[in-house]
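Okay, structure39.txt now, which holds compact mmCIF, C-alpha atoms:
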# COMPACT_ATOMS: atom_id res chain seq x y z
CA MET A 1 -4.30 0.78 -1.73
CA ASN A 2 -3.33 -1.24 1.30
CA PHE A 3 -4.35 -2.27 4.77
CA PRO A 4 -2.38 -0.81 7.62
CA ALA A 5 -3.05 -4.05 9.47
CA ALA A 6 -1.22 -7.31 8.75
CA ALA A 7 -2.90 -9.76 6.39
CA PHE A 8 -2.67 -12.54 8.90
CA SER A 9 -1.59 -12.93 12.47
CA ILE A 10 0.55 -15.84 13.58
CA ALA A 11 -0.10 -17.21 17.05
CA THR A 12 1.29 -15.11 19.87
CA ILE A 13 4.91 -14.29 19.21
CA ALA A 14 5.57 -12.26 22.33
CA PRO A 15 3.60 -10.30 24.90
CA LEU A 16 3.58 -6.52 24.77
CA ARG A 17 7.21 -5.75 25.20
CA SER A 18 9.81 -3.09 25.60
CA VAL A 19 13.05 -3.71 23.78
CA ALA A 20 16.35 -1.90 23.51
CA PHE A 21 19.02 -3.24 21.27
CA GLN A 22 21.53 -2.01 18.75
CA SER A 23 22.60 -4.11 15.79
CA ALA A 24 21.50 -7.30 17.55
CA PRO A 25 22.46 -10.64 15.96
CA ARG A 26 20.03 -11.73 13.26
CA ARG A 27 17.74 -14.58 14.12
CA SER A 28 14.96 -16.29 12.26
CA PHE A 29 11.58 -14.78 13.02
CA PHE A 30 9.76 -17.73 11.49
CA SER A 31 11.11 -20.65 13.48
CA HIS A 32 10.20 -24.27 12.82
CA SER A 33 7.10 -23.98 14.99
CA TYR A 34 5.99 -20.83 13.20
CA SER A 35 6.28 -22.53 9.82
CA HIS A 36 3.77 -25.13 11.06
CA ARG A 37 1.47 -22.30 12.14
CA ILE A 38 1.74 -20.74 8.68
CA ARG A 39 0.62 -24.05 7.19
CA ASP A 40 -2.29 -24.06 9.63
CA HIS A 41 -3.35 -20.61 8.42
CA PHE A 42 -2.64 -21.30 4.73
CA PRO A 43 -2.98 -25.06 4.11
CA THR A 44 -3.15 -24.55 0.34
CA ILE A 45 0.12 -22.59 0.02
CA PRO A 46 2.69 -24.64 -1.94
CA LEU A 47 5.50 -26.07 0.15
CA ALA A 48 8.08 -23.93 -1.65
CA THR A 49 6.16 -20.80 -0.70
CA GLN A 50 5.81 -21.99 2.89
CA SER A 51 9.56 -22.45 3.08
CA GLN A 52 10.01 -18.87 1.87
CA LEU A 53 7.79 -17.68 4.69
CA SER A 54 9.82 -19.73 7.16
CA ALA A 55 13.11 -18.29 5.94
CA PRO A 56 15.32 -16.17 8.20
CA CYS A 57 14.83 -12.42 8.20
CA GLY A 58 16.20 -10.73 5.12
CA THR A 59 15.70 -13.66 2.74
CA LEU A 60 11.96 -13.37 2.30
CA SER A 61 11.58 -10.41 -0.02
CA SER A 62 13.38 -11.15 -3.25
CA VAL A 63 11.90 -8.16 -5.02
CA TYR A 64 13.13 -5.75 -2.37
CA ALA A 65 16.49 -7.49 -2.13
CA SER A 66 17.00 -7.05 -5.86
CA SER A 67 16.67 -3.29 -5.59
CA THR A 68 18.51 -2.61 -2.32
CA SER A 69 21.66 -3.98 -0.78
CA HIS A 70 22.16 -3.91 2.96
CA LEU A 71 25.80 -4.50 3.75
CA GLN A 72 27.93 -4.58 6.86
CA SER A 73 31.10 -2.57 6.27
CA ASN A 74 33.52 -1.54 9.00
CA GLY A 75 30.79 -1.94 11.57
CA LYS A 76 28.48 0.47 9.73
CA ASN A 77 25.33 -0.24 7.76
CA THR A 78 25.62 0.84 4.15
CA MET A 79 22.96 0.59 1.51
CA THR A 80 22.82 1.60 -2.11
CA THR A 81 19.70 3.27 -3.36
CA ASN A 82 18.47 5.31 -6.26
CA THR A 83 15.01 6.59 -7.02
CA SER A 84 13.81 6.97 -10.56
CA SER A 85 14.52 10.26 -12.30
CA GLY A 86 15.98 11.76 -9.13
CA SER A 87 12.57 11.62 -7.49
CA SER A 88 12.18 11.68 -3.72
CA TYR A 89 9.73 8.77 -3.95
CA TRP A 90 10.46 5.08 -3.76
CA ASN A 91 9.25 2.59 -6.36
CA ARG A 92 9.85 -1.15 -6.04
CA GLU A 93 10.07 -1.52 -9.84
CA THR A 94 12.32 1.36 -10.84
CA SER A 95 14.39 2.32 -7.79
CA GLN A 96 17.87 0.90 -8.33
CA PRO A 97 21.08 0.80 -6.27
CA THR A 98 23.46 3.60 -7.19
CA SER A 99 25.15 5.01 -4.07
CA GLU A 100 26.18 3.87 -0.61
CA PHE A 101 25.29 5.31 2.77
CA SER A 102 28.90 6.11 3.49
CA ALA A 103 28.29 9.26 5.51
CA PRO A 104 28.63 8.92 9.30
CA VAL A 105 25.63 8.74 11.60
CA THR A 106 24.94 12.21 13.00
CA ARG A 107 21.53 11.57 14.55
CA PRO A 108 20.96 8.27 16.39
CA ALA A 109 17.42 6.93 15.98
CA ARG A 110 15.35 6.02 19.04
CA ILE A 111 12.22 4.34 17.76
CA LEU A 112 8.72 3.74 19.12
CA ALA A 113 6.46 1.36 17.18
CA LEU A 114 2.75 2.15 17.36
CA SER A 115 1.96 -1.35 16.20
CA ASP A 116 0.69 -4.79 17.14
CA PRO A 117 3.53 -6.61 18.95
CA ASN A 118 2.38 -9.84 17.28
CA ASP A 119 2.48 -8.43 13.75
CA ALA A 120 4.67 -10.89 11.86
CA TYR A 121 5.30 -8.46 9.03
CA ASN A 122 7.18 -6.12 11.35
CA SER A 123 9.89 -8.68 12.14
CA PRO A 124 12.61 -6.67 10.32
CA LEU A 125 11.97 -3.93 12.88
CA TYR A 126 11.15 -6.08 15.91
CA ASP A 127 13.90 -8.65 15.54
CA GLY A 128 16.53 -6.70 13.65
CA PRO A 129 19.29 -6.25 13.12
CA LEU A 130 18.68 -2.53 12.86
CA PRO A 131 21.20 -0.15 11.30
CA SER A 132 24.02 0.78 13.64
CA GLY A 133 23.02 3.83 15.65
CA SER A 134 19.33 2.93 15.98
CA LYS A 135 17.28 1.42 18.81
CA LEU A 136 13.74 0.11 19.06
CA LEU A 137 12.61 1.28 22.50
CA ALA A 138 9.08 -0.10 22.76
CA ILE A 139 6.14 -1.57 20.86
CA GLY A 140 2.48 -0.99 21.66
CA SER A 141 -0.91 0.15 20.44
CA ALA A 142 -1.53 2.96 22.96
CA LEU A 143 0.27 5.71 24.82
CA SER A 144 0.25 3.59 27.99
CA SER A 145 2.75 1.25 26.32
CA PHE A 146 5.32 4.04 26.11
CA ASP A 147 4.47 6.46 28.92
CA ARG A 148 7.17 5.33 31.34
CA PRO A 149 10.17 7.14 32.84
CA ASP A 150 12.71 4.81 31.18
CA ILE A 151 11.23 5.61 27.75
CA HIS A 152 10.87 9.35 28.35
CA SER A 153 14.48 9.58 29.50
CA GLN A 154 15.71 8.30 26.12
CA LYS A 155 13.80 10.97 24.19
CA PRO A 156 12.47 8.90 21.26
CA ASN A 157 12.69 10.75 17.94
CA VAL A 158 11.10 8.27 15.48
CA LEU A 159 7.58 6.82 15.45
CA PHE A 160 6.78 3.84 13.21
CA VAL A 161 3.02 3.31 12.70
CA SER A 162 1.23 0.21 11.47
CA HIS A 163 -1.68 -0.26 13.89
CA PRO A 164 -5.07 0.14 12.10
CA GLN A 165 -6.59 2.13 14.99
CA ALA A 166 -3.70 4.54 15.35
CA ARG A 167 -5.40 7.91 14.73
CA GLU A 168 -6.01 8.98 18.34
CA PRO A 169 -3.05 7.17 19.94
CA LEU A 170 -0.74 8.79 17.39
CA VAL A 171 -1.71 12.30 18.46
CA GLU A 172 -1.42 11.33 22.14
CA VAL A 173 2.07 9.92 21.60
CA LEU A 174 3.18 13.05 19.74
CA GLN A 175 1.91 15.23 22.56
CA ALA A 176 3.62 13.09 25.22
CA PHE A 177 6.91 12.93 23.32
CA PRO A 178 7.73 16.30 21.74
CA SER A 179 11.16 14.87 20.92
CA ILE A 180 9.65 12.87 18.01
CA GLU A 181 10.84 14.34 14.71
CA TRP A 182 9.66 11.79 12.17
CA VAL A 183 6.57 9.58 11.74
CA HIS A 184 6.56 6.78 9.18
CA THR A 185 3.45 4.79 8.29
CA ARG A 186 3.73 1.28 6.85
CA SER A 187 0.81 1.88 4.49
CA ALA A 188 0.61 4.06 1.39
CA GLY A 189 -2.67 5.73 2.38
CA ILE A 190 -2.69 7.86 5.52
CA ASP A 191 -6.47 8.16 5.93
CA PHE A 192 -6.31 5.86 8.99
CA ILE A 193 -4.04 8.31 10.85
CA ALA A 194 -5.08 11.66 9.35
CA SER A 195 -6.23 14.18 11.96
CA GLU A 196 -6.07 17.84 12.83
CA GLY A 197 -3.56 17.03 15.56
CA LEU A 198 -1.20 15.36 13.09
CA ALA A 199 -1.66 18.11 10.52
CA LYS A 200 -0.72 20.78 13.06
CA SER A 201 2.32 18.91 14.36
CA THR A 202 5.87 19.73 13.30
CA VAL A 203 6.90 16.13 12.59
CA GLU A 204 7.98 14.98 9.16
CA LEU A 205 5.65 12.31 7.76
CA THR A 206 6.53 9.59 5.25
CA ASN A 207 4.67 6.56 3.92
CA ALA A 208 5.13 3.35 1.91
CA LYS A 209 4.23 4.79 -1.46
CA GLY A 210 5.66 2.70 -4.28
CA VAL A 211 5.62 -0.61 -2.43
CA PHE A 212 2.12 -1.71 -3.46
CA SER A 213 1.67 -0.13 -6.90
CA SER A 214 2.76 -2.93 -9.24
CA THR A 215 0.30 -5.53 -7.96
CA LEU A 216 -2.59 -3.06 -8.14
CA ALA A 217 -1.60 -2.20 -11.69
CA GLU A 218 -1.81 -5.91 -12.54
CA TYR A 219 -5.28 -5.99 -11.01
CA CYS A 220 -6.31 -3.01 -13.14
CA MET A 221 -5.38 -4.84 -16.33
CA MET A 222 -7.01 -8.03 -15.12
CA ALA A 223 -10.23 -6.08 -14.54
CA CYS A 224 -10.07 -4.66 -18.06
CA ALA A 225 -9.65 -8.16 -19.50
CA TYR A 226 -12.41 -9.55 -17.25
CA PHE A 227 -14.96 -7.36 -18.99
CA ALA A 228 -13.38 -7.17 -22.45
CA LYS A 229 -13.26 -10.95 -22.82
CA ASP A 230 -16.47 -11.57 -20.81
CA LEU A 231 -14.84 -13.92 -18.32
CA PRO A 232 -18.15 -14.61 -16.48
CA ARG A 233 -19.58 -16.03 -19.71
CA LEU A 234 -16.51 -18.20 -20.22
CA MET A 235 -16.90 -19.63 -16.72
CA ARG A 236 -20.62 -20.24 -17.21
CA GLN A 237 -20.06 -22.05 -20.49
CA LYS A 238 -17.31 -24.18 -18.99
CA GLY A 239 -19.59 -25.12 -16.11
CA GLU A 240 -22.30 -26.09 -18.60
CA SER A 241 -19.86 -27.94 -20.93
CA LYS A 242 -21.13 -25.57 -23.60
CA TRP A 243 -19.06 -24.80 -26.73
CA GLU A 244 -20.37 -21.51 -28.03
CA GLN A 245 -18.25 -18.86 -29.69
CA TYR A 246 -18.91 -15.16 -29.14
CA PRO A 247 -17.24 -11.86 -30.06
CA ILE A 248 -14.92 -10.21 -27.56
CA LEU A 249 -13.48 -6.71 -27.22
CA GLU A 250 -9.91 -5.61 -27.76
CA ILE A 251 -8.12 -3.81 -24.98
CA ARG A 252 -5.72 -2.37 -27.54
CA GLY A 253 -6.98 1.02 -28.65
CA ALA A 254 -9.31 1.46 -25.68
CA THR A 255 -8.95 4.48 -23.38
CA LEU A 256 -7.98 4.20 -19.72
CA GLY A 257 -8.82 7.25 -17.63
CA VAL A 258 -6.70 7.39 -14.48
CA LEU A 259 -8.31 9.48 -11.74
CA GLY A 260 -5.45 10.10 -9.34
CA TYR A 261 -2.26 9.80 -11.38
CA GLY A 262 0.04 8.97 -8.49
CA ASP A 263 2.27 5.95 -8.09
CA ILE A 264 -0.53 3.40 -8.52
CA GLY A 265 -2.02 5.33 -11.41
CA ARG A 266 1.32 5.61 -13.16
CA ALA A 267 2.11 1.91 -12.70
CA SER A 268 -1.29 1.10 -14.22
CA ALA A 269 -0.67 3.50 -17.11
CA LYS A 270 2.66 1.79 -17.81
CA LEU A 271 0.97 -1.59 -18.22
CA ALA A 272 -1.89 -0.06 -20.18
CA LYS A 273 0.54 1.39 -22.72
CA ALA A 274 2.10 -2.07 -23.11
CA TYR A 275 -1.38 -3.27 -24.07
CA GLY A 276 -1.69 -0.48 -26.64
CA MET A 277 -4.19 1.61 -24.71
CA ARG A 278 -4.63 5.36 -24.78
CA VAL A 279 -4.15 6.86 -21.32
CA LEU A 280 -5.68 10.02 -19.88
CA GLY A 281 -4.67 11.20 -16.43
CA VAL A 282 -6.11 13.44 -13.73
CA LYS A 283 -3.98 14.83 -10.92
CA ARG A 284 -3.80 17.85 -8.66
CA LYS A 285 -0.55 19.15 -10.13
CA VAL A 286 -0.52 18.73 -13.91
CA ALA A 287 2.76 17.43 -15.29
CA GLU A 288 3.64 15.49 -18.43
CA ASP A 289 4.44 11.78 -18.09
CA GLU A 290 5.78 9.32 -20.63
CA TYR A 291 2.91 6.86 -20.06
CA CYS A 292 0.10 9.40 -20.24
CA ASP A 293 -1.20 10.73 -23.56
CA LYS A 294 -2.84 13.75 -21.94
CA MET A 295 -2.86 15.02 -18.37
CA TYR A 296 -5.65 17.07 -16.84
CA GLY A 297 -6.08 18.99 -13.62
CA MET A 298 -8.87 18.08 -11.22
CA ASP A 299 -11.23 20.31 -13.18
CA GLY A 300 -10.89 17.95 -16.12
CA LEU A 301 -12.28 14.93 -14.27
CA GLU A 302 -15.65 14.86 -16.03
CA GLU A 303 -14.04 15.27 -19.45
CA VAL A 304 -11.72 12.33 -18.80
CA VAL A 305 -14.57 10.17 -17.53
CA ALA A 306 -16.61 10.94 -20.67
CA GLU A 307 -13.78 9.80 -22.97
CA SER A 308 -12.75 6.67 -21.08
CA ASP A 309 -13.67 3.05 -21.70
CA TYR A 310 -12.14 2.08 -18.37
CA VAL A 311 -12.09 4.51 -15.44
CA LEU A 312 -9.45 3.74 -12.82
CA VAL A 313 -10.03 5.39 -9.44
CA SER A 314 -6.70 5.57 -7.62
CA LEU A 315 -7.19 8.78 -5.65
CA PRO A 316 -6.22 9.04 -1.99
CA LEU A 317 -9.08 9.43 0.48
CA THR A 318 -9.24 13.00 1.81
CA GLU A 319 -12.09 15.31 2.74
CA ARG A 320 -11.87 16.72 -0.77
CA THR A 321 -12.02 13.36 -2.56
CA ARG A 322 -14.70 11.76 -0.37
CA GLY A 323 -17.72 11.21 -2.64
CA MET A 324 -15.92 12.84 -5.57
CA ILE A 325 -17.13 10.15 -7.99
CA SER A 326 -20.74 11.21 -7.60
CA LYS A 327 -23.96 10.43 -9.46
CA GLU A 328 -23.27 13.45 -11.65
CA VAL A 329 -19.76 12.25 -12.52
CA LEU A 330 -20.98 8.71 -13.23
CA GLY A 331 -23.58 10.24 -15.50
CA HIS A 332 -20.79 11.45 -17.78
CA CYS A 333 -19.54 7.88 -18.34
CA LYS A 334 -20.10 5.97 -21.54
CA PRO A 335 -22.76 3.23 -21.21
CA SER A 336 -19.94 0.83 -22.16
CA ALA A 337 -17.57 2.10 -19.45
CA VAL A 338 -16.15 0.04 -16.60
CA VAL A 339 -15.23 1.70 -13.28
CA ILE A 340 -12.25 0.19 -11.42
CA ASN A 341 -11.63 1.30 -7.82
CA VAL A 342 -8.31 0.58 -6.09
CA GLY A 343 -8.20 3.80 -4.05
CA ARG A 344 -10.64 3.87 -1.16
CA GLY A 345 -14.32 2.95 -1.12
CA PRO A 346 -15.76 6.28 0.07
CA ILE A 347 -14.26 8.13 -2.92
CA ILE A 348 -17.21 6.77 -4.92
CA ASP A 349 -20.80 7.46 -3.94
CA GLU A 350 -21.66 3.78 -3.54
CA ASP A 351 -25.43 4.23 -3.77
CA ALA A 352 -24.99 6.19 -7.00
CA LEU A 353 -22.66 3.49 -8.32
CA ILE A 354 -25.15 0.72 -7.56
CA GLU A 355 -27.88 2.69 -9.33
CA ALA A 356 -25.62 3.23 -12.35
CA LEU A 357 -24.83 -0.49 -12.50
CA GLN A 358 -28.48 -1.46 -12.22
CA ASN A 359 -29.87 0.95 -14.80
CA GLY A 360 -27.13 0.58 -17.41
CA THR A 361 -25.50 3.98 -16.98
CA ILE A 362 -22.22 2.04 -16.99
CA LYS A 363 -21.32 -1.45 -18.15
CA GLY A 364 -19.68 -2.71 -14.99
CA ALA A 365 -17.39 -2.17 -12.04
CA ALA A 366 -14.34 -3.87 -10.54
CA LEU A 367 -14.07 -3.02 -6.85
CA ASP A 368 -11.23 -3.92 -4.53
CA VAL A 369 -12.38 -1.36 -1.96
CA MET A 370 -15.84 -0.53 -0.60
CA THR A 371 -17.38 2.16 1.57
CA VAL A 372 -17.92 -0.31 4.43
CA GLU A 373 -15.49 -3.20 4.84
CA PRO A 374 -16.13 -6.06 5.14
CA LEU A 375 -18.88 -5.50 2.60
CA PRO A 376 -22.23 -6.13 4.36
CA LYS A 377 -23.99 -9.30 3.23
CA GLU A 378 -27.10 -7.29 2.38
CA SER A 379 -25.24 -5.06 -0.10
CA PRO A 380 -26.70 -5.27 -3.64
CA LEU A 381 -23.13 -5.37 -4.97
CA TRP A 382 -22.87 -9.05 -4.05
CA LYS A 383 -25.65 -10.04 -6.47
CA LEU A 384 -24.95 -7.72 -9.40
CA SER A 385 -23.64 -9.83 -12.27
CA ASN A 386 -21.75 -6.88 -13.75
CA VAL A 387 -19.56 -6.37 -10.69
CA LEU A 388 -16.19 -7.95 -9.97
CA LEU A 389 -15.55 -7.92 -6.21
CA SER A 390 -12.37 -8.61 -4.27
CA PRO A 391 -11.97 -8.27 -0.47
CA HIS A 392 -9.43 -5.40 -0.47
CA ASN A 393 -6.63 -7.87 -1.13
CA MET A 394 -5.33 -7.13 -4.61
CA ASP A 395 -2.05 -5.84 -3.24
CA MET A 396 -1.84 -8.55 -0.59
CA THR A 397 1.13 -10.61 -1.71
CA LEU A 398 2.70 -12.95 0.82
CA THR A 399 5.44 -10.42 1.50
CA PHE A 400 3.75 -7.06 0.82
CA MET A 401 3.75 -5.68 4.35
CA ARG A 402 7.13 -7.14 5.22
CA GLU A 403 8.59 -5.35 2.20
CA SER A 404 7.05 -2.15 3.51
CA THR A 405 8.70 -2.60 6.92
CA GLU A 406 11.99 -3.39 5.21
CA PHE A 407 11.69 -0.12 3.29
CA PHE A 408 11.51 1.72 6.60
CA VAL A 409 14.41 -0.15 8.20
CA ASN A 410 16.75 -0.40 5.22
CA GLU A 411 15.89 2.70 3.24
CA ASN A 412 14.58 5.63 5.24
CA LEU A 413 16.05 4.90 8.68
CA PRO A 414 19.68 5.21 7.48
CA ARG A 415 18.72 8.47 5.77
CA PHE A 416 17.19 9.89 8.93
CA MET A 417 20.30 9.05 10.94
CA ARG A 418 22.46 10.91 8.44
CA GLU A 419 20.05 13.86 8.19
CA MET A 420 19.47 13.14 4.51
CA GLU A 421 16.25 13.75 2.60
CA LEU A 422 13.67 11.09 3.47
CA LEU A 423 11.87 9.23 0.70
CA ASN A 424 8.08 9.37 0.30
CA PRO A 425 7.29 12.66 2.06
CA VAL A 426 3.60 13.21 2.77
CA ASP A 427 1.75 16.53 2.97
CA LYS A 428 0.05 16.19 6.37
CA VAL A 429 -2.59 18.78 5.48
CA ALA A 430 -3.44 17.54 1.96
CA GLY A 431 -3.42 13.92 3.15
CA TYR A 432 -1.05 12.52 0.52
Is it possible to express this structure as structure tokens?
Amino acid sequence: MNFPAAAFSIATIAPLRSVAFQSAPRRSFFSHSYSHRIRDHFPTIPLATQSQLSAPCGTLSSVYASSTSHLQSNGKNTMTTNTSSGSSYWNRETSQPTSEFSAPVTRPARILALSDPNDAYNSPLYDGPLPSGSKLLAIGSALSSFDRPDIHSQKPNVLFVSHPQAREPLVEVLQAFPSIEWVHTRSAGIDFIASEGLAKSTVELTNAKGVFSSTLAEYCMMACAYFAKDLPRLMRQKGESKWEQYPILEIRGATLGVLGYGDIGRASAKLAKAYGMRVLGVKRKVAEDEYCDKMYGMDGLEEVVAESDYVLVSLPLTERTRGMISKEVLGHCKPSAVVINVGRGPIIDEDALIEALQNGTIKGAALDVMTVEPLPKESPLWKLSNVLLSPHNMDMTLTFMRESTEFFVNENLPRFMREMELLNPVDKVAGY
């Protein structure tokens, strides 16, 4: 789960601009004045954290820096990377440096960014330095930003996408620039760009899978504990200065059903096993996994739901999964079950969920995503005491989107230029 848009926008950094540089000198994106603006936006952020945000490019993301090394050697960018178990997917927890990009550049990268020019999280791309052999040609949110003779003459071959309203402009850009070979989206989900035009195109598509999973896994376990230990009661009693003991539930021994055993689901299963939970998984292509006690195909969804104490929804949003967690599926849940949604809101029939929460079909729900966002003030979900709500921000660390842009610049871009296999390939038709 993640927003394609930035979590916050710093005051105007630059007007819509066209840039062309190659391995430009590094400069601090967050200057002294920008650090003051960060404090204006986030007055409660500790000073140490504010100084991290004001650091020069490349020093902000300690997690990413620990798992990749971007070195200057003989005028060429080299980086060491390894994905877990030889997988073609990136994971910020398990991907470790093992080999250098020592091969020569055989395909220079000419990049268009379908993005907000003022998006602070894209500074690794906007301000560089980019790997030797790559250029950022232009930044904009519509075809009109790129449809100029000087851009056409350079035949751009890479399109970076982070604008939240990119679906139609993306298709228009692909039609106007048939030279584009690769599209990379800064988010993990591609529902905001999915279209028939994209599906029919010949471009290779990659995403930011693996960048956001660990924080959502932490949220999953927090949601389990929220209901198992009855945190609302603890807070009420504290507010009333009331000392009253009550029995709580163990998480150990409980069953977590993971609907959509992808990167987020697997990261959640890993933490669940550390807690001593039993894990059941559901995924399109059944395969054994060390953190899953039993894996089912999509036809086993209702069976998994019926056995689970906690049901984690981490499916991608596609036409097939829209409304998949229906009234009928919810009816298979235990009355003591808790539904946790970190995928996309429309995967669950929200009216059916509200009814299930009101009539006791399920115990509760923890929702980081909703069908309509922001959640309308008139939604019954706001007033249901058995619902934990968060505003689609449980993967929103201070550096989450910047790390995603760094993955594009430092990880996949050097691969593209050497005609190597790209990480995080996406099936444009399936939608994930």
Skip Glu373 of chain A itself and residues of its chain fewer than 2 positions away, then list as a ChimeraX atom specification all residues within 9 Å of it, counting all atoms listed in the file. /A:345,369-371,375-376,391-392
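Between atom CA of Ala217 of chain A and atom CA of Ile325 of chain A the separation is 20.2 Å.
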I'd like the neighbourhood of segment 307-311 of chain A as a PyMOL selection string, where a residue qualifies if any of its atoms comes within 12 Å (using all atoms listed in the file), though same-chain residues fewer than 6 positions away should be ignored. chain A and resi 220-228+249-261+265+268-269+272+277-282+294+300-301+325+329-330+332-342+348+362-367
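If you look at atom CA of Arg167 of chain A and atom CA of Pro316 of chain A, they are 16.8 Å away from each other.
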Expressed in Å to a single decimal, how great is the separation between atom CA of Ser213 of chain A and atom CA of Glu419 of chain A? 27.6 Å
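For the residues A:Leu143, A:Ala199, A:Ile354, A:Val313, ranking by smallest atom-to-atom distance to Pro380 of chain A using all atoms listed in the file places A:Ile354 first.
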Ranking A:Pro124, A:Gly197, A:Gly297, A:Gly133 by minimum distance to Thr106 of chain A and counting all atoms listed in the file, which one comes first? A:Gly133
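The residue that comes closest to Val173 of chain A, out of A:Val211, A:Ile193, A:Met420, A:Leu114 and on the basis of all atoms listed in the file, is A:Leu114.
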The residues within 8 Å of (22.1, 6.8, 16.9), using all atoms listed in the file and the coordinates of the file, should be reported as number ranges by chain; which are they? A: 105-110, 132-135, 417
For Leu317 of chain A, please output as a VMD selection string all residues within 9 Å (counting all atoms listed in the file; exclusion window: fewer than 4 positions along the same chain). chain A and resid 189 to 191 321 to 322 343 to 347 431 to 432
